[in-house]
$ cat target_36.pdb   # PDB, C-alpha atoms and all ligand atoms
ATOM      1  CA  MET A1448       0.000   0.000   0.000  1.00  0.00           C
ATOM      2  CA  LYS A1449       1.136   3.553  -0.714  1.00  0.00           C
ATOM      3  CA  THR A1450       0.998   6.297   1.905  1.00  0.00           C
ATOM      4  CA  GLY A1451       2.138   9.277  -0.164  1.00  0.00           C
ATOM      5  CA  ILE A1452       0.680  11.429  -2.910  1.00  0.00           C
ATOM      6  CA  ALA A1453       2.737  13.125  -5.608  1.00  0.00           C
ATOM      7  CA  LEU A1454       1.086  15.955  -7.512  1.00  0.00           C
ATOM      8  CA  VAL A1455       2.345  16.366 -11.059  1.00  0.00           C
ATOM      9  CA  GLY A1456       1.113  18.587 -13.871  1.00  0.00           C
ATOM     10  CA  PHE A1457       2.066  21.629 -15.861  1.00  0.00           C
ATOM     11  CA  MET A1458       3.386  24.836 -14.294  1.00  0.00           C
ATOM     12  CA  GLY A1459       0.564  26.933 -12.897  1.00  0.00           C
ATOM     13  CA  THR A1460      -1.939  24.129 -12.326  1.00  0.00           C
ATOM     14  CA  GLY A1461      -1.973  24.807  -8.577  1.00  0.00           C
ATOM     15  CA  LYS A1462       0.117  21.839  -7.372  1.00  0.00           C
ATOM     16  CA  THR A1463       1.649  23.739  -4.468  1.00  0.00           C
ATOM     17  CA  ALA A1464      -1.576  25.261  -3.159  1.00  0.00           C
ATOM     18  CA  ALA A1465      -3.513  22.004  -3.561  1.00  0.00           C
ATOM     19  CA  GLY A1466      -0.648  19.950  -2.105  1.00  0.00           C
ATOM     20  CA  ARG A1467      -0.403  22.082   1.009  1.00  0.00           C
ATOM     21  CA  LEU A1468      -4.143  21.887   1.681  1.00  0.00           C
ATOM     22  CA  LEU A1469      -4.309  18.180   0.814  1.00  0.00           C
ATOM     23  CA  ALA A1470      -1.505  17.420   3.276  1.00  0.00           C
ATOM     24  CA  ALA A1471      -3.294  19.376   6.011  1.00  0.00           C
ATOM     25  CA  ARG A1472      -6.573  17.551   5.334  1.00  0.00           C
ATOM     26  CA  LEU A1473      -4.973  14.120   5.327  1.00  0.00           C
ATOM     27  CA  ASN A1474      -2.612  14.861   8.185  1.00  0.00           C
ATOM     28  CA  LYS A1475       0.486  14.201   6.100  1.00  0.00           C
ATOM     29  CA  ASP A1476       3.746  16.077   5.674  1.00  0.00           C
ATOM     30  CA  PHE A1477       4.083  18.466   2.763  1.00  0.00           C
ATOM     31  CA  ILE A1478       7.164  18.898   0.574  1.00  0.00           C
ATOM     32  CA  GLU A1479       7.597  21.185  -2.382  1.00  0.00           C
ATOM     33  CA  LEU A1480      10.203  19.735  -4.682  1.00  0.00           C
ATOM     34  CA  ASP A1481      11.321  23.083  -6.110  1.00  0.00           C
ATOM     35  CA  GLU A1482      12.038  24.320  -2.593  1.00  0.00           C
ATOM     36  CA  GLU A1483      14.170  21.247  -1.874  1.00  0.00           C
ATOM     37  CA  ILE A1484      16.126  21.835  -5.074  1.00  0.00           C
ATOM     38  CA  GLU A1485      16.769  25.449  -4.081  1.00  0.00           C
ATOM     39  CA  LYS A1486      17.961  24.349  -0.642  1.00  0.00           C
ATOM     40  CA  ALA A1487      20.280  21.688  -2.068  1.00  0.00           C
ATOM     41  CA  ALA A1488      21.698  23.995  -4.731  1.00  0.00           C
ATOM     42  CA  GLY A1489      21.949  26.981  -2.396  1.00  0.00           C
ATOM     43  CA  LYS A1490      20.386  29.192  -5.049  1.00  0.00           C
ATOM     44  CA  THR A1491      17.090  29.920  -6.716  1.00  0.00           C
ATOM     45  CA  ILE A1492      15.756  27.930  -9.638  1.00  0.00           C
ATOM     46  CA  ALA A1493      16.146  30.943 -11.883  1.00  0.00           C
ATOM     47  CA  ALA A1494      19.824  31.171 -10.851  1.00  0.00           C
ATOM     48  CA  ILE A1495      20.442  27.457 -11.499  1.00  0.00           C
ATOM     49  CA  PHE A1496      19.022  27.810 -15.024  1.00  0.00           C
ATOM     50  CA  ARG A1497      20.973  31.015 -15.597  1.00  0.00           C
ATOM     51  CA  ASP A1498      24.339  29.780 -14.266  1.00  0.00           C
ATOM     52  CA  SER A1499      24.310  26.115 -15.230  1.00  0.00           C
ATOM     53  CA  GLY A1500      21.447  25.517 -17.657  1.00  0.00           C
ATOM     54  CA  GLU A1501      18.384  23.300 -17.708  1.00  0.00           C
ATOM     55  CA  ALA A1502      20.341  20.018 -17.866  1.00  0.00           C
ATOM     56  CA  ARG A1503      22.013  20.769 -14.523  1.00  0.00           C
ATOM     57  CA  PHE A1504      18.660  21.776 -13.052  1.00  0.00           C
ATOM     58  CA  ARG A1505      17.255  18.386 -14.122  1.00  0.00           C
ATOM     59  CA  GLU A1506      20.122  16.633 -12.302  1.00  0.00           C
ATOM     60  CA  PHE A1507      19.323  18.522  -9.097  1.00  0.00           C
ATOM     61  CA  GLU A1508      15.676  17.637  -9.628  1.00  0.00           C
ATOM     62  CA  THR A1509      16.376  13.904  -9.921  1.00  0.00           C
ATOM     63  CA  GLU A1510      18.632  13.986  -6.834  1.00  0.00           C
ATOM     64  CA  ALA A1511      15.835  15.672  -4.871  1.00  0.00           C
ATOM     65  CA  VAL A1512      13.192  13.207  -6.110  1.00  0.00           C
ATOM     66  CA  LYS A1513      15.369  10.244  -5.199  1.00  0.00           C
ATOM     67  CA  LYS A1514      15.879  11.533  -1.675  1.00  0.00           C
ATOM     68  CA  ILE A1515      12.276  12.516  -1.006  1.00  0.00           C
ATOM     69  CA  ALA A1516      10.533   9.635  -2.727  1.00  0.00           C
ATOM     70  CA  VAL A1517      11.314   7.189   0.090  1.00  0.00           C
ATOM     71  CA  LYS A1518       9.418   9.209   2.694  1.00  0.00           C
ATOM     72  CA  LYS A1519       6.129   7.853   3.927  1.00  0.00           C
ATOM     73  CA  ASN A1520       2.941   9.841   4.570  1.00  0.00           C
ATOM     74  CA  THR A1521       4.028  12.783   2.494  1.00  0.00           C
ATOM     75  CA  VAL A1522       2.330  14.936  -0.124  1.00  0.00           C
ATOM     76  CA  ILE A1523       4.891  16.058  -2.697  1.00  0.00           C
ATOM     77  CA  ALA A1524       4.209  18.986  -5.027  1.00  0.00           C
ATOM     78  CA  CYS A1525       6.491  18.262  -7.984  1.00  0.00           C
ATOM     79  CA  GLY A1526       7.897  20.685 -10.535  1.00  0.00           C
ATOM     80  CA  GLY A1527       6.189  20.572 -13.914  1.00  0.00           C
ATOM     81  CA  GLY A1528       9.074  18.801 -15.645  1.00  0.00           C
ATOM     82  CA  VAL A1529       9.440  15.860 -13.265  1.00  0.00           C
ATOM     83  CA  VAL A1530       7.487  13.480 -15.499  1.00  0.00           C
ATOM     84  CA  LEU A1531       9.905  13.940 -18.396  1.00  0.00           C
ATOM     85  CA  LYS A1532      12.321  11.405 -16.901  1.00  0.00           C
ATOM     86  CA  ASP A1533      11.222   7.827 -16.314  1.00  0.00           C
ATOM     87  CA  ASP A1534      13.623   7.506 -13.389  1.00  0.00           C
ATOM     88  CA  ASN A1535      11.838  10.305 -11.534  1.00  0.00           C
ATOM     89  CA  VAL A1536       8.453   8.701 -12.071  1.00  0.00           C
ATOM     90  CA  ASN A1537       9.728   5.308 -10.947  1.00  0.00           C
ATOM     91  CA  TYR A1538      11.194   6.786  -7.759  1.00  0.00           C
ATOM     92  CA  LEU A1539       7.908   8.548  -7.009  1.00  0.00           C
ATOM     93  CA  LYS A1540       5.892   5.391  -7.605  1.00  0.00           C
ATOM     94  CA  GLN A1541       7.627   3.599  -4.741  1.00  0.00           C
ATOM     95  CA  GLU A1542       5.568   5.356  -2.048  1.00  0.00           C
ATOM     96  CA  CYS A1543       3.175   7.630  -3.892  1.00  0.00           C
ATOM     97  CA  ILE A1544      -0.068   7.576  -5.781  1.00  0.00           C
ATOM     98  CA  ILE A1545       0.591  10.033  -8.619  1.00  0.00           C
ATOM     99  CA  VAL A1546      -2.101  12.608  -9.330  1.00  0.00           C
ATOM    100  CA  ASN A1547      -1.995  14.800 -12.420  1.00  0.00           C
ATOM    101  CA  LEU A1548      -3.559  18.251 -12.179  1.00  0.00           C
ATOM    102  CA  ALA A1549      -4.789  19.377 -15.596  1.00  0.00           C
ATOM    103  CA  ALA A1550      -5.726  22.924 -16.604  1.00  0.00           C
ATOM    104  CA  GLU A1551      -6.557  24.918 -19.719  1.00  0.00           C
ATOM    105  CA  PRO A1552      -3.766  27.067 -21.237  1.00  0.00           C
ATOM    106  CA  ALA A1553      -5.751  30.244 -20.459  1.00  0.00           C
ATOM    107  CA  ASP A1554      -5.946  29.361 -16.744  1.00  0.00           C
ATOM    108  CA  ILE A1555      -2.271  28.427 -16.726  1.00  0.00           C
ATOM    109  CA  LEU A1556      -1.361  31.748 -18.326  1.00  0.00           C
ATOM    110  CA  LYS A1557      -3.289  33.627 -15.636  1.00  0.00           C
ATOM    111  CA  ARG A1558      -1.593  31.735 -12.824  1.00  0.00           C
ATOM    112  CA  VAL A1559       1.972  31.936 -14.133  1.00  0.00           C
ATOM    113  CA  SER A1560       1.680  35.644 -14.783  1.00  0.00           C
ATOM    114  CA  ARG A1561       1.724  36.251 -11.044  1.00  0.00           C
ATOM    115  CA  GLY A1562       3.837  34.799  -8.259  1.00  0.00           C
ATOM    116  CA  LYS A1563       7.469  33.831  -7.900  1.00  0.00           C
ATOM    117  CA  ASN A1564       9.840  33.721 -10.825  1.00  0.00           C
ATOM    118  CA  ARG A1565      10.546  30.017 -10.672  1.00  0.00           C
ATOM    119  CA  ARG A1566       9.744  29.407 -14.300  1.00  0.00           C
ATOM    120  CA  PRO A1567      12.610  30.343 -16.584  1.00  0.00           C
ATOM    121  CA  LEU A1568      11.044  28.170 -19.307  1.00  0.00           C
ATOM    122  CA  LEU A1569       8.209  30.680 -19.547  1.00  0.00           C
ATOM    123  CA  ASP A1570      10.455  33.712 -19.500  1.00  0.00           C
ATOM    124  CA  VAL A1571       9.649  34.523 -23.147  1.00  0.00           C
ATOM    125  CA  PRO A1572       7.684  37.341 -24.803  1.00  0.00           C
ATOM    126  CA  ASP A1573       4.877  35.099 -26.066  1.00  0.00           C
ATOM    127  CA  LYS A1574       4.075  33.062 -22.969  1.00  0.00           C
ATOM    128  CA  GLU A1575       0.791  31.740 -24.309  1.00  0.00           C
ATOM    129  CA  SER A1576       2.337  30.066 -27.392  1.00  0.00           C
ATOM    130  CA  ARG A1577       5.094  28.627 -25.246  1.00  0.00           C
ATOM    131  CA  ILE A1578       2.554  27.179 -22.825  1.00  0.00           C
ATOM    132  CA  ARG A1579       0.593  25.582 -25.676  1.00  0.00           C
ATOM    133  CA  GLU A1580       3.704  24.072 -27.260  1.00  0.00           C
ATOM    134  CA  LEU A1581       5.098  22.670 -24.030  1.00  0.00           C
ATOM    135  CA  LEU A1582       1.700  21.410 -22.934  1.00  0.00           C
ATOM    136  CA  GLU A1583       1.129  19.561 -26.171  1.00  0.00           C
ATOM    137  CA  TYR A1584       4.513  17.876 -25.940  1.00  0.00           C
ATOM    138  CA  ARG A1585       4.181  17.022 -22.258  1.00  0.00           C
ATOM    139  CA  ARG A1586       0.540  15.939 -21.995  1.00  0.00           C
ATOM    140  CA  PRO A1587       1.298  12.266 -22.739  1.00  0.00           C
ATOM    141  CA  PHE A1588       4.049  12.275 -20.120  1.00  0.00           C
ATOM    142  CA  TYR A1589       1.666  13.557 -17.439  1.00  0.00           C
ATOM    143  CA  GLU A1590      -1.014  11.081 -18.400  1.00  0.00           C
ATOM    144  CA  ARG A1591       1.346   8.129 -18.538  1.00  0.00           C
ATOM    145  CA  ALA A1592       2.890   8.919 -15.157  1.00  0.00           C
ATOM    146  CA  ALA A1593      -0.374   9.493 -13.293  1.00  0.00           C
ATOM    147  CA  ASP A1594      -2.629   7.039 -11.512  1.00  0.00           C
ATOM    148  CA  PHE A1595      -5.397   9.535 -12.214  1.00  0.00           C
ATOM    149  CA  THR A1596      -5.974  13.041 -13.547  1.00  0.00           C
ATOM    150  CA  VAL A1597      -8.034  15.781 -11.915  1.00  0.00           C
ATOM    151  CA  ASP A1598      -9.341  18.578 -14.115  1.00  0.00           C
ATOM    152  CA  THR A1599      -8.883  21.808 -12.170  1.00  0.00           C
ATOM    153  CA  SER A1600     -10.773  24.086 -14.607  1.00  0.00           C
ATOM    154  CA  GLY A1601     -13.369  26.110 -12.775  1.00  0.00           C
ATOM    155  CA  PHE A1602     -12.398  24.719  -9.364  1.00  0.00           C
ATOM    156  CA  ASP A1603     -10.706  26.552  -6.531  1.00  0.00           C
ATOM    157  CA  THR A1604      -8.037  24.889  -4.364  1.00  0.00           C
ATOM    158  CA  GLU A1605     -10.656  23.584  -1.953  1.00  0.00           C
ATOM    159  CA  GLY A1606     -12.641  22.026  -4.806  1.00  0.00           C
ATOM    160  CA  VAL A1607      -9.561  20.413  -6.331  1.00  0.00           C
ATOM    161  CA  VAL A1608      -8.579  18.918  -2.983  1.00  0.00           C
ATOM    162  CA  GLU A1609     -12.088  17.548  -2.451  1.00  0.00           C
ATOM    163  CA  LYS A1610     -11.918  15.876  -5.848  1.00  0.00           C
ATOM    164  CA  ILE A1611      -8.520  14.323  -5.100  1.00  0.00           C
ATOM    165  CA  ILE A1612      -9.674  13.014  -1.727  1.00  0.00           C
ATOM    166  CA  GLY A1613     -12.769  11.546  -3.373  1.00  0.00           C
ATOM    167  CA  VAL A1614     -10.790   9.583  -5.938  1.00  0.00           C
ATOM    168  CA  LEU A1615      -8.130   8.510  -3.437  1.00  0.00           C
ATOM    169  CA  GLY A1616     -10.820   6.999  -1.241  1.00  0.00           C
ATOM    170  CA  ASN A1617     -11.639   4.536  -4.013  1.00  0.00           C
ATOM    171  CA  HIS A1618      -8.049   3.797  -4.960  1.00  0.00           C
ATOM    172  CA  GLU A1619      -7.066   0.211  -4.330  1.00  0.00           C
ATOM    173  CA  ASN A1620      -3.394   0.945  -3.657  1.00  0.00           C
ATOM    174  CA  TYR A1621      -3.856   3.895  -1.340  1.00  0.00           C
ATOM    175  CA  ASP A1622      -3.608   3.535   2.391  1.00  0.00           C
TER     176      ASP A1622
HETATM  177  C1  LIG B1701       9.452  23.477 -14.507  1.00  0.00           C
HETATM  178  C2  LIG B1701       8.495  23.781 -13.555  1.00  0.00           C
HETATM  179  C3  LIG B1701       8.783  24.579 -12.342  1.00  0.00           C
HETATM  180  C4  LIG B1701      10.262  24.450 -11.946  1.00  0.00           C
HETATM  181  C5  LIG B1701      11.141  24.756 -13.128  1.00  0.00           C
HETATM  182  C6  LIG B1701      10.875  23.839 -14.330  1.00  0.00           C
HETATM  183  C7  LIG B1701       9.028  22.714 -15.721  1.00  0.00           C
HETATM  184  O1  LIG B1701       7.955  24.130 -11.265  1.00  0.00           O
HETATM  185  O2  LIG B1701      10.529  23.157 -11.472  1.00  0.00           O
HETATM  186  O3  LIG B1701      10.942  26.089 -13.493  1.00  0.00           O
HETATM  187  O4  LIG B1701       9.896  22.213 -16.459  1.00  0.00           O
HETATM  188  O5  LIG B1701       7.801  22.609 -15.961  1.00  0.00           O
HETATM  189  P1  LIG B1701       6.366  24.453 -11.164  1.00  0.00           P
HETATM  190  O6  LIG B1701       5.638  23.423 -11.984  1.00  0.00           O
HETATM  191  O7  LIG B1701       6.093  24.307  -9.707  1.00  0.00           O
HETATM  192  O8  LIG B1701       6.159  25.835 -11.668  1.00  0.00           O
END
$ encode --input "target_36.pdb" --output "structure tokens"
Amino acid sequence: MKTGIALVGFMGTGKTAAGRLLAARLNKDFIELDEEIEKAAGKTIAAIFRDSGEARFREFETEAVKKIAVKKNTVIACGGGVVLKDDNVNYLKQECIIVNLAAEPADILKRVSRGKNRRPLLDVPDKESRIRELLEYRRPFYERAADFTVDTSGFDTEGVVEKIIGVLGNHENYD
């Protein structure tokens, strides 16, 4: 049986907000993967991309996943690119049910236009086209990695968390 939940999905689908509330509701620990990467690297995600490039960032990401994925009773909010590497997904599957949060490009655009600058991949003039391109490429990765997908369109954090808890309750591998 699995005691953890990993939230995956594109940038700006609300993984962090939903993960924090989900952990509180289920009485589990909460970990944000991007924060762990920043702690391990001793610099911000934007600085890692700037100084060492995306490939180095992905190495930090895999190191963080490997370390965190063994923890029990934890909700992990993953960065949007975690599903691109099979190793990451396999590490997460050890202890976690994987939930994909899906959202429409327009909602994603709204969300990523505010908040912290942790998204160098969207640091381009035409954010909307970039979101559509990346989303199209990545959608199969999210779907393949996930035990189930929750559509967040039109739902606030509370509503998304209720949906996740509802599906988890019926999940045969979830404890
Ligand atoms: C990334 C998503 C970001 C962060 C980094 C790369 C991605 O996390 O890990 O900028 O490749 O989708 P969020 O999904 O939390 O924004």
$ closest_residue --input "target_36.pdb" --among "A:Arg1577, A:Pro1552, A:Arg1503, A:Ala1592" --to "Lys1532 of chain A" --atoms "all atoms listed in the file"
A:Ala1592
$ residues_around --input "target_36.pdb" --residues "Leu1568 of chain A" --least-positions-apart "3" --cutoff "9 Å" --atoms "all atoms listed in the file" --output "number ranges by chain"
A: 1501, 1565, 1571, 1577
$ residues_around --input "target_36.pdb" --residues "segment 1480-1483 of chain A" --least-positions-apart "6" --cutoff "8 Å" --atoms "only C-alpha atoms" --output "compact mmCIF listing (two decimals) with C-alpha atoms, in the coordinates of the input"
# COMPACT_ATOMS: atom_id res chain seq x y z
CA ILE A 1492 15.76 27.93 -9.64
CA GLU A 1508 15.68 17.64 -9.63
CA ALA A 1511 15.84 15.67 -4.87
CA VAL A 1512 13.19 13.21 -6.11
CA ILE A 1523 4.89 16.06 -2.70
CA ALA A 1524 4.21 18.99 -5.03
CA CYS A 1525 6.49 18.26 -7.98
CA GLY A 1526 7.90 20.68 -10.54
$ resolve_selection --input "target_36.pdb" --expression "the PyMOL selection byres (((chain A and resi 1549) around 8) and not hetatm)" --output "ChimeraX atom specification"
/A:1456-1457,1460,1547-1548,1550-1551,1596-1600
$ resolve_selection --input "target_36.pdb" --expression "the PyMOL selection byres (((chain A and resi 1478) around 12) and not hetatm)" --output "VMD selection string"
chain A and resid 1451 to 1454 1462 to 1471 1475 to 1477 1479 to 1484 1511 to 1512 1514 to 1516 1518 to 1526
$ axis_aligned_box --input "target_36.pdb" --around "segment 1500-1513 of chain A" --padding-each-side "4 Å" --output "AutoDock Vina command-line options"
--center_x 17.6 --center_y 17.9 --center_z -11.4 --size_x 16.8 --size_y 23.3 --size_z 21.0
$ closest_residue --input "target_36.pdb" --among "A:Gly1606, A:Gly1613, A:Gly1500, A:Pro1567" --to "ligand LIG 1701 (chain B)" --atoms "only C-alpha atoms and all ligand atoms"
A:Pro1567
$ atom_distance --input "target_36.pdb" --atom1 "atom CA of Val1517 of chain A" --atom2 "atom CA of Ala1493 of chain A"
27.0 Å
$ closest_residue --input "target_36.pdb" --among "A:Met1448, A:Met1458, A:Ala1502, A:Ile1495" --to "Arg1561 of chain A" --atoms "all atoms listed in the file"
A:Met1458
$ closest_residue --input "target_36.pdb" --among "A:Glu1485, A:Glu1619, A:Glu1580, A:Asp1594" --to "Ile1544 of chain A" --atoms "all atoms listed in the file"
A:Asp1594
$ atom_distance --input "target_36.pdb" --atom1 "atom CA of Phe1496 of chain A" --atom2 "atom O8 of ligand LIG 1701 (chain B)"
13.4 Å
$ closest_residue --input "target_36.pdb" --among "A:Asn1617, A:Asn1474, A:Ser1560, A:Asn1537" --to "ligand LIG 1701 (chain B)" --atoms "only C-alpha atoms and all ligand atoms"
A:Ser1560
$ closest_residue --input "target_36.pdb" --among "A:Arg1566, A:Thr1604, A:Glu1506, A:Cys1543" --to "ligand LIG 1701 (chain B)" --atoms "only C-alpha atoms and all ligand atoms"
A:Arg1566
$ atom_distance --input "target_36.pdb" --atom1 "atom CA of Asp1622 of chain A" --atom2 "atom CA of Leu1473 of chain A"
11.1 Å
$ resolve_selection --input "target_36.pdb" --expression "the PyMOL selection byres (((chain A and resi 1589) around 10) and not hetatm)" --output "PyMOL selection string"
chain A and resi 1455-1457+1527-1531+1536+1545-1549+1582+1584-1588+1590-1596
